[in-house]
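Asker: So that we are looking at the same thing, I have put the structure below in structure tokens.
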Amino acid sequence: MSNRTNRARRVLAAGIAALLLAACGDKAGDASAATSQANPGADAPTVYFDWFEYTGRDAAFEAEVPEGSFRNPVLSGFYSDPSVTAANGKFYLVSSTFTFFPGIPVMESEDLVHWKQVGNAIHRPGQLDFDGLGVSRGVFAPAIEFHDGTFYVVNTSVDAGGNFIVTATDPAGPWSDPIWLPTIGGIDPSLFFDDDGKAYILNNDEPEVPVRYDGHRAIWLQEIDIAAGKPFGPRKVLIDGGIKPEENPIWIEGPHIYKVDGWYYLSDAEGGTGPQHSQVILRSRDIWGPYEVYDQNPILTQRDLDPNRPLPITNAGHADMVQGPDGTWWATFLASRNYDVRHYNTGRETFLLPVTWKDGWPVILPRNEAIPYVLPGPSFMKKPADQAPMTGNFTWRDEFDTVELGKGWMTPRVPKTQWFDGTARPGWLAIKPLAERLDTKVNPAFYARRQQHLVFEASSAMELPAAGVAAGLAAFQGDTHWYFLGVRRTGDNGAEVFLEKKAGGEVEVVASQPASEVELLTLHIKGNEGRYGFGFDAGQGVKWLVEDADGTVLSTDVAGGFVGATLGPYARDERAP
């Protein structure tokens, strides 16, 4: 038995059941039917996890935060492509989750600094389906707006439906089913509501003229009937290629329009989401243009800095701006914290900087200046400097004893059956193993949280699984790059702990050790930039299978795509079909 108190055991099981059934199907019967059809091994013995704990200790987060200041990134771990809006005296932010479910977390803040997750815009299996897709496809770059009592998230489901809008009157949800936009191609749509009542949709797409080079794109504008969810009227290219078309700029994307003092400001990302990433700004007196290019562009980039500088922040761009209650402007944007110049396991994170207006132009950061880790906060910042567990160094623990399984947990692709449960044994996470390995392109029984630090430890206590089941902790960058620290039965009163690795090729077993029969086995993963350790504790201290495993295979630069590493419990049915 766990040593937690009786209070922790008295869980409102009905509340959890309702939540989980809502996440995996509207009716218990539907979930049962899906189980029998989609998972022939649905009778696999359940695995029980008692708790999960995560600790981060990054050098970049060791500096003190003076009173009135805050720490960057404001959302550590892969919260990429952030979009922000103000509504009802608060701020709301969404970010990309690609093929993870639930998708598009909706974050709430009173001051742009301290964020909490209140919901997800994609929270029902019927909204989208990512089966067959690589982990970095799916929902790209959502944009959020609030207008006349309704929240709008417009987004692209890449290779799985195209562009769509979902709506809600409460940011916590429920959110609507997708309203598809079949006439809007490309990616990165956003909405703009003008003060004359008209609404517009912007997006990245191929240009009117023949594509001249790889990465040649344009930003398009069209009016939209927001009530009907239908664009109408002429479409027009606002910018073709980028701010210097003669230089063949690549990947103009992530467009947003703001209206300030009679000017329409068009802000876009350029250069791709790697080290050349940047943000540029244009303006016009007419929403349809022509748009004048700011002669001091880009208004945000880190591409000109020494790549060997200490504690580098790179890849900065894809910004969105919002005005605070004191009239100041602020920008959220993505960037990455690298090690060994090019590697970053934590993905593209959300940063915050003030916007300075110069001669009628918004500037996020002057050229050749490094993004600060600590800086003065907004005048309306309402809380102390502690921003945990969204950033900074902290220890976070989930006892699996609340009335809902905590926000921030995800799983690759959309579950077709209810394999995770908080009611089977209150106070425990129960996982029904599936046959799918972590390299599947459907949904494995992997319950994931973001890796938020370059230096971290993660651990979880679990009961030994029954025969025919392997279970433990995974460190997962995508279906082609991962580690699995697992345990399985080897016979009467015997078990082994093993480490599997996939680094683009075949799965290999890196190491294994026998483990004695114990009531609870604790598994450990630790990381220090590009080196990872994997071990277990059967009551006699931690034994490390490997302490110097190659962690660069969990780097976005090695694995490709756009996500960061995730960690969490995983269970696999290994019985013969």
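How things are named: the first chain in the structure tokens is A, the next is B, and so on; residues count from 1 in each chain; ligands count from 1 in the order shown.
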Give me, as a compact mmCIF listing (two decimals) with N, CA and C atoms, in the first residue's frame, all polymer residues having an atom no more than 12 Å from Leu353 of chain A, counting only C-alpha atoms and skipping those fewer than 5 positions away in the same chain.
Answerer:
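Listed below is the output, out-v3.txt:
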# COMPACT_ATOMS: atom_id res chain seq x y z
N SER A 69 9.83 41.66 -11.37
CA SER A 69 10.35 41.07 -12.60
C SER A 69 9.79 39.66 -12.77
N PHE A 70 10.08 39.07 -13.93
CA PHE A 70 9.60 37.72 -14.20
C PHE A 70 10.68 36.95 -14.97
N ARG A 71 10.41 35.66 -15.15
CA ARG A 71 11.37 34.76 -15.78
C ARG A 71 10.86 34.30 -17.14
N ASN A 72 11.77 34.28 -18.13
CA ASN A 72 11.52 33.68 -19.44
C ASN A 72 12.18 32.32 -19.52
N PRO A 73 11.60 31.37 -20.27
CA PRO A 73 10.30 31.45 -20.94
C PRO A 73 9.16 31.44 -19.93
N VAL A 74 8.03 32.01 -20.30
CA VAL A 74 6.89 31.97 -19.38
C VAL A 74 6.19 30.62 -19.42
N LEU A 112 -0.09 38.06 -18.05
CA LEU A 112 0.78 37.60 -19.13
C LEU A 112 2.00 36.83 -18.64
N VAL A 113 2.19 36.75 -17.35
CA VAL A 113 3.38 36.12 -16.77
C VAL A 113 3.04 34.79 -16.11
N ILE A 299 11.90 42.81 -36.41
CA ILE A 299 11.63 43.38 -35.08
C ILE A 299 11.91 42.36 -33.97
N LEU A 300 12.29 41.15 -34.36
CA LEU A 300 12.68 40.11 -33.40
C LEU A 300 13.47 39.06 -34.15
N ALA A 316 13.98 32.35 -32.42
CA ALA A 316 12.93 33.26 -31.98
C ALA A 316 12.10 33.79 -33.15
N GLY A 317 10.80 33.76 -32.96
CA GLY A 317 9.87 34.29 -33.96
C GLY A 317 8.45 33.82 -33.69
N ALA A 319 5.55 35.54 -33.52
CA ALA A 319 5.07 36.37 -32.42
C ALA A 319 3.60 36.76 -32.61
N ASP A 320 2.95 37.02 -31.48
CA ASP A 320 1.61 37.63 -31.45
C ASP A 320 1.66 38.72 -30.39
N MET A 321 0.95 39.81 -30.63
CA MET A 321 1.00 40.96 -29.72
C MET A 321 -0.37 41.20 -29.10
N VAL A 322 -0.34 41.77 -27.90
CA VAL A 322 -1.58 42.08 -27.18
C VAL A 322 -1.34 43.33 -26.34
N THR A 328 0.20 49.43 -22.39
CA THR A 328 1.43 48.87 -22.94
C THR A 328 1.13 47.66 -23.82
N TRP A 329 2.06 47.38 -24.73
CA TRP A 329 1.94 46.23 -25.62
C TRP A 329 3.00 45.20 -25.26
N TRP A 330 2.62 43.94 -25.43
CA TRP A 330 3.51 42.82 -25.13
C TRP A 330 3.42 41.80 -26.24
N ALA A 331 4.50 41.04 -26.42
CA ALA A 331 4.54 40.01 -27.46
C ALA A 331 4.86 38.66 -26.86
N THR A 332 4.07 37.67 -27.22
CA THR A 332 4.42 36.27 -26.96
C THR A 332 5.03 35.72 -28.25
N PHE A 333 5.99 34.82 -28.10
CA PHE A 333 6.64 34.25 -29.28
C PHE A 333 7.32 32.95 -28.89
N LEU A 334 7.71 32.17 -29.89
CA LEU A 334 8.42 30.93 -29.62
C LEU A 334 9.92 31.16 -29.71
N ALA A 335 10.65 30.39 -28.94
CA ALA A 335 12.11 30.33 -29.03
C ALA A 335 12.55 29.03 -28.36
N PRO A 362 6.09 49.02 -34.05
CA PRO A 362 6.33 48.19 -32.86
C PRO A 362 7.62 47.38 -33.01
N VAL A 363 8.46 47.43 -31.97
CA VAL A 363 9.71 46.68 -31.97
C VAL A 363 9.72 45.78 -30.74
N ILE A 364 9.94 44.49 -30.95
CA ILE A 364 9.96 43.54 -29.83
C ILE A 364 11.35 43.49 -29.20
N LEU A 365 12.39 43.46 -30.03
CA LEU A 365 13.76 43.40 -29.51
C LEU A 365 14.70 43.96 -30.57
N PRO A 366 15.53 44.94 -30.23
CA PRO A 366 16.49 45.47 -31.21
C PRO A 366 17.45 44.40 -31.69
N ALA A 370 20.31 39.93 -26.99
CA ALA A 370 19.89 38.59 -26.58
C ALA A 370 18.58 38.67 -25.79
N ILE A 371 17.75 37.69 -25.99
CA ILE A 371 16.51 37.59 -25.22
C ILE A 371 16.87 37.38 -23.74
N PRO A 372 16.38 38.22 -22.84
CA PRO A 372 16.73 38.06 -21.43
C PRO A 372 15.94 36.94 -20.76
N TYR A 373 16.60 36.27 -19.82
CA TYR A 373 15.92 35.26 -19.01
C TYR A 373 15.10 35.90 -17.89
N VAL A 374 15.55 37.06 -17.41
CA VAL A 374 14.84 37.78 -16.34
C VAL A 374 14.72 39.23 -16.77
N LEU A 375 13.52 39.79 -16.62
CA LEU A 375 13.30 41.19 -17.01
C LEU A 375 12.11 41.75 -16.26
N PRO A 376 11.98 43.08 -16.19
CA PRO A 376 10.86 43.69 -15.48
C PRO A 376 9.53 43.28 -16.10
N GLY A 377 8.55 43.02 -15.23
CA GLY A 377 7.24 42.58 -15.68
C GLY A 377 6.30 43.73 -15.95
N PRO A 378 5.12 43.42 -16.43
CA PRO A 378 4.12 44.46 -16.67
C PRO A 378 3.75 45.18 -15.37
Asker: If you count only C-alpha atoms, which residues fall within 8 Å of Gly478 of chain A, apart from same-chain ones fewer than 6 positions away, as a PyMOL selection string?
Answerer: chain A and resi 134-136+439+559+563+565
Asker: Can you pull out the residues contacting segment 515-521 of chain A? Cut-off 7 Å, using only C-alpha atoms, and skip same-chain residues under 2 positions away; I want them as an mmCIF file with C-alpha atoms, in the first residue's frame.
Answerer:
data_model
loop_
_atom_site.group_PDB
_atom_site.id
_atom_site.type_symbol
_atom_site.label_atom_id
_atom_site.label_comp_id
_atom_site.auth_asym_id
_atom_site.auth_seq_id
_atom_site.Cartn_x
_atom_site.Cartn_y
_atom_site.Cartn_z
ATOM 1 C CA ALA A 461 6.198 4.220 -8.498
ATOM 2 C CA MET A 462 4.254 1.300 -9.959
ATOM 3 C CA GLU A 463 3.150 -2.201 -9.145
ATOM 4 C CA LEU A 464 4.919 -4.916 -11.095
ATOM 5 C CA ASN A 493 8.627 -14.260 -8.580
ATOM 6 C CA GLY A 494 10.982 -12.861 -11.174
ATOM 7 C CA ALA A 495 11.107 -9.690 -13.224
ATOM 8 C CA GLU A 496 13.510 -7.729 -15.343
ATOM 9 C CA VAL A 497 13.950 -4.026 -15.904
ATOM 10 C CA GLN A 513 18.798 -6.165 -15.077
ATOM 11 C CA LEU A 523 11.558 3.930 -12.038
ATOM 12 C CA ASP A 537 14.657 1.282 -7.097
ATOM 13 C CA ALA A 538 13.327 -1.986 -5.669
#
Asker: Hey, what does DSSP flag as strand (DSSP E or B) within segment 79-317 of chain A? Can you give it to me as a PDB file with C-alpha atoms, in the first residue's frame?
Answerer:
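For reference, out.pdb as written:
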ATOM      1  CA  SER A  80       5.227  26.461 -29.642  1.00  0.00           C
ATOM      2  CA  ASP A  81       3.533  29.000 -31.924  1.00  0.00           C
ATOM      3  CA  PRO A  82       1.855  30.918 -29.075  1.00  0.00           C
ATOM      4  CA  SER A  83      -1.109  33.159 -29.862  1.00  0.00           C
ATOM      5  CA  VAL A  84      -2.629  35.482 -27.273  1.00  0.00           C
ATOM      6  CA  THR A  85      -5.758  37.589 -26.827  1.00  0.00           C
ATOM      7  CA  ALA A  86      -7.322  39.726 -24.111  1.00  0.00           C
ATOM      8  CA  ALA A  87     -10.844  38.990 -22.888  1.00  0.00           C
ATOM      9  CA  LYS A  90      -7.716  38.391 -18.516  1.00  0.00           C
ATOM     10  CA  PHE A  91      -5.427  36.987 -21.181  1.00  0.00           C
ATOM     11  CA  TYR A  92      -5.759  33.702 -23.047  1.00  0.00           C
ATOM     12  CA  LEU A  93      -3.052  31.848 -24.952  1.00  0.00           C
ATOM     13  CA  VAL A  94      -3.041  28.794 -27.215  1.00  0.00           C
ATOM     14  CA  SER A  95      -0.143  26.833 -28.698  1.00  0.00           C
ATOM     15  CA  SER A  96       0.552  23.956 -31.066  1.00  0.00           C
ATOM     16  CA  PHE A  98       0.572  18.684 -33.411  1.00  0.00           C
ATOM     17  CA  PHE A 100      -0.967  15.055 -29.217  1.00  0.00           C
ATOM     18  CA  PHE A 101      -4.395  14.766 -27.576  1.00  0.00           C
ATOM     19  CA  GLY A 103      -4.873  19.307 -28.309  1.00  0.00           C
ATOM     20  CA  ILE A 104      -4.349  23.070 -28.281  1.00  0.00           C
ATOM     21  CA  PRO A 105      -4.114  23.879 -24.549  1.00  0.00           C
ATOM     22  CA  VAL A 106      -5.975  27.018 -23.514  1.00  0.00           C
ATOM     23  CA  MET A 107      -3.972  28.972 -20.940  1.00  0.00           C
ATOM     24  CA  GLU A 108      -5.310  31.792 -18.760  1.00  0.00           C
ATOM     25  CA  SER A 109      -3.436  34.632 -17.055  1.00  0.00           C
ATOM     26  CA  LYS A 116      -2.572  28.153 -15.804  1.00  0.00           C
ATOM     27  CA  GLN A 117      -4.259  25.748 -18.165  1.00  0.00           C
ATOM     28  CA  VAL A 118      -8.054  25.960 -18.107  1.00  0.00           C
ATOM     29  CA  GLY A 119      -8.938  23.657 -20.995  1.00  0.00           C
ATOM     30  CA  ASN A 120      -8.164  22.412 -24.490  1.00  0.00           C
ATOM     31  CA  ALA A 121      -9.708  23.524 -27.759  1.00  0.00           C
ATOM     32  CA  ILE A 122      -9.465  19.927 -29.027  1.00  0.00           C
ATOM     33  CA  GLY A 138      -1.683  17.575 -36.942  1.00  0.00           C
ATOM     34  CA  VAL A 139      -2.581  20.944 -35.417  1.00  0.00           C
ATOM     35  CA  PHE A 140      -0.137  23.705 -36.375  1.00  0.00           C
ATOM     36  CA  ALA A 141      -0.028  27.266 -35.073  1.00  0.00           C
ATOM     37  CA  PRO A 142      -3.479  28.005 -33.643  1.00  0.00           C
ATOM     38  CA  ALA A 143      -4.583  31.631 -33.352  1.00  0.00           C
ATOM     39  CA  ILE A 144      -7.051  32.805 -30.714  1.00  0.00           C
ATOM     40  CA  GLU A 145      -9.345  35.859 -30.776  1.00  0.00           C
ATOM     41  CA  PHE A 146     -12.223  37.056 -28.611  1.00  0.00           C
ATOM     42  CA  HIS A 147     -15.117  38.947 -30.190  1.00  0.00           C
ATOM     43  CA  THR A 150     -17.176  34.323 -28.225  1.00  0.00           C
ATOM     44  CA  PHE A 151     -13.685  32.835 -28.306  1.00  0.00           C
ATOM     45  CA  TYR A 152     -12.444  31.740 -31.716  1.00  0.00           C
ATOM     46  CA  VAL A 153      -9.505  29.429 -32.363  1.00  0.00           C
ATOM     47  CA  VAL A 154      -8.598  29.143 -36.039  1.00  0.00           C
ATOM     48  CA  ASN A 155      -6.087  26.498 -36.976  1.00  0.00           C
ATOM     49  CA  THR A 156      -4.684  24.073 -39.543  1.00  0.00           C
ATOM     50  CA  SER A 157      -5.001  20.322 -39.124  1.00  0.00           C
ATOM     51  CA  VAL A 158      -2.100  19.359 -41.391  1.00  0.00           C
ATOM     52  CA  GLY A 162      -7.053  21.437 -43.420  1.00  0.00           C
ATOM     53  CA  ASN A 163      -8.088  24.772 -41.950  1.00  0.00           C
ATOM     54  CA  PHE A 164     -10.916  25.118 -39.426  1.00  0.00           C
ATOM     55  CA  ILE A 165     -12.415  27.221 -36.642  1.00  0.00           C
ATOM     56  CA  VAL A 166     -13.604  26.067 -33.223  1.00  0.00           C
ATOM     57  CA  THR A 167     -15.561  28.338 -30.873  1.00  0.00           C
ATOM     58  CA  ALA A 168     -16.515  28.574 -27.211  1.00  0.00           C
ATOM     59  CA  ILE A 179     -16.056  24.484 -38.754  1.00  0.00           C
ATOM     60  CA  TRP A 180     -14.067  23.566 -41.845  1.00  0.00           C
ATOM     61  CA  ILE A 187      -1.394  26.995 -42.995  1.00  0.00           C
ATOM     62  CA  ASP A 188      -1.370  29.480 -40.106  1.00  0.00           C
ATOM     63  CA  PRO A 189      -4.779  31.157 -40.453  1.00  0.00           C
ATOM     64  CA  SER A 190      -5.724  33.965 -38.085  1.00  0.00           C
ATOM     65  CA  LEU A 191      -8.745  36.229 -37.650  1.00  0.00           C
ATOM     66  CA  PHE A 192      -9.009  39.999 -37.463  1.00  0.00           C
ATOM     67  CA  PHE A 193     -12.138  41.821 -36.281  1.00  0.00           C
ATOM     68  CA  ALA A 199     -14.129  40.200 -39.975  1.00  0.00           C
ATOM     69  CA  TYR A 200     -11.181  38.942 -42.007  1.00  0.00           C
ATOM     70  CA  ILE A 201      -9.150  35.776 -42.272  1.00  0.00           C
ATOM     71  CA  LEU A 202      -5.423  35.771 -43.056  1.00  0.00           C
ATOM     72  CA  ASN A 203      -3.336  32.762 -43.965  1.00  0.00           C
ATOM     73  CA  ASN A 204      -0.112  31.522 -45.483  1.00  0.00           C
ATOM     74  CA  ASP A 205      -0.466  29.842 -48.882  1.00  0.00           C
ATOM     75  CA  ALA A 218       2.512  34.496 -49.578  1.00  0.00           C
ATOM     76  CA  ILE A 219       0.137  35.996 -47.019  1.00  0.00           C
ATOM     77  CA  TRP A 220      -3.482  36.180 -48.183  1.00  0.00           C
ATOM     78  CA  LEU A 221      -6.473  38.162 -46.869  1.00  0.00           C
ATOM     79  CA  GLN A 222     -10.194  37.575 -47.344  1.00  0.00           C
ATOM     80  CA  GLU A 223     -13.350  38.761 -45.611  1.00  0.00           C
ATOM     81  CA  ILE A 224     -15.291  36.144 -43.643  1.00  0.00           C
ATOM     82  CA  ASP A 225     -18.877  35.798 -42.498  1.00  0.00           C
ATOM     83  CA  LYS A 230     -17.633  31.148 -44.520  1.00  0.00           C
ATOM     84  CA  PRO A 231     -15.046  33.322 -46.247  1.00  0.00           C
ATOM     85  CA  PHE A 232     -16.455  35.363 -49.121  1.00  0.00           C
ATOM     86  CA  GLY A 233     -15.484  37.963 -51.672  1.00  0.00           C
ATOM     87  CA  PRO A 234     -12.091  38.500 -53.274  1.00  0.00           C
ATOM     88  CA  ARG A 235      -8.877  37.096 -51.833  1.00  0.00           C
ATOM     89  CA  LYS A 236      -5.780  39.221 -52.079  1.00  0.00           C
ATOM     90  CA  VAL A 237      -2.067  38.671 -51.530  1.00  0.00           C
ATOM     91  CA  LEU A 238      -0.767  41.177 -48.963  1.00  0.00           C
ATOM     92  CA  ILE A 239       2.871  40.122 -49.109  1.00  0.00           C
ATOM     93  CA  ASP A 240       4.577  37.799 -51.602  1.00  0.00           C
ATOM     94  CA  GLU A 253       3.865  32.689 -42.173  1.00  0.00           C
ATOM     95  CA  GLY A 254       2.047  33.192 -38.871  1.00  0.00           C
ATOM     96  CA  PRO A 255       0.292  36.423 -39.965  1.00  0.00           C
ATOM     97  CA  HIS A 256      -1.572  38.715 -37.564  1.00  0.00           C
ATOM     98  CA  ILE A 257      -3.187  42.104 -38.154  1.00  0.00           C
ATOM     99  CA  TYR A 258      -3.561  44.779 -35.460  1.00  0.00           C
ATOM    100  CA  LYS A 259      -5.185  48.205 -35.795  1.00  0.00           C
ATOM    101  CA  VAL A 260      -3.482  51.014 -33.873  1.00  0.00           C
ATOM    102  CA  TRP A 263      -2.838  51.991 -39.042  1.00  0.00           C
ATOM    103  CA  TYR A 264      -3.224  48.318 -39.943  1.00  0.00           C
ATOM    104  CA  TYR A 265      -0.084  46.509 -38.829  1.00  0.00           C
ATOM    105  CA  LEU A 266       0.710  43.182 -40.507  1.00  0.00           C
ATOM    106  CA  SER A 267       3.125  41.070 -38.485  1.00  0.00           C
ATOM    107  CA  ASP A 268       4.615  37.869 -39.910  1.00  0.00           C
ATOM    108  CA  ALA A 269       7.302  35.300 -39.202  1.00  0.00           C
ATOM    109  CA  GLU A 270      10.068  34.733 -41.752  1.00  0.00           C
ATOM    110  CA  SER A 278      12.534  36.191 -37.326  1.00  0.00           C
ATOM    111  CA  GLN A 279       9.523  38.469 -37.002  1.00  0.00           C
ATOM    112  CA  VAL A 280       8.811  41.307 -39.436  1.00  0.00           C
ATOM    113  CA  ILE A 281       6.288  44.147 -39.510  1.00  0.00           C
ATOM    114  CA  LEU A 282       4.490  46.125 -42.237  1.00  0.00           C
ATOM    115  CA  ARG A 283       1.715  48.724 -42.101  1.00  0.00           C
ATOM    116  CA  SER A 284      -0.992  50.333 -44.214  1.00  0.00           C
ATOM    117  CA  GLU A 292       4.820  49.588 -46.224  1.00  0.00           C
ATOM    118  CA  VAL A 293       7.798  47.607 -44.905  1.00  0.00           C
ATOM    119  CA  LEU A 300      12.683  40.114 -33.401  1.00  0.00           C
ATOM    120  CA  THR A 301      15.426  37.578 -34.162  1.00  0.00           C
ATOM    121  CA  ILE A 313      18.101  31.241 -26.761  1.00  0.00           C
ATOM    122  CA  THR A 314      17.537  30.586 -30.465  1.00  0.00           C
ATOM    123  CA  ASN A 315      14.825  30.150 -33.127  1.00  0.00           C
ATOM    124  CA  ALA A 316      12.931  33.261 -31.976  1.00  0.00           C
ATOM    125  CA  GLY A 317       9.867  34.293 -33.960  1.00  0.00           C
TER     126      GLY A 317
END
Asker: Taking 4 positions as the minimum chain separation for residues in the same chain, which residues sit within 6 Å of segment 209-217 of chain A when counting only C-alpha atoms? Answer as a list in words.
Answerer: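 Counting only C-alpha atoms, the residues come to Asp205, Gly241, Ile250, Trp251 and Ile252 of chain A.
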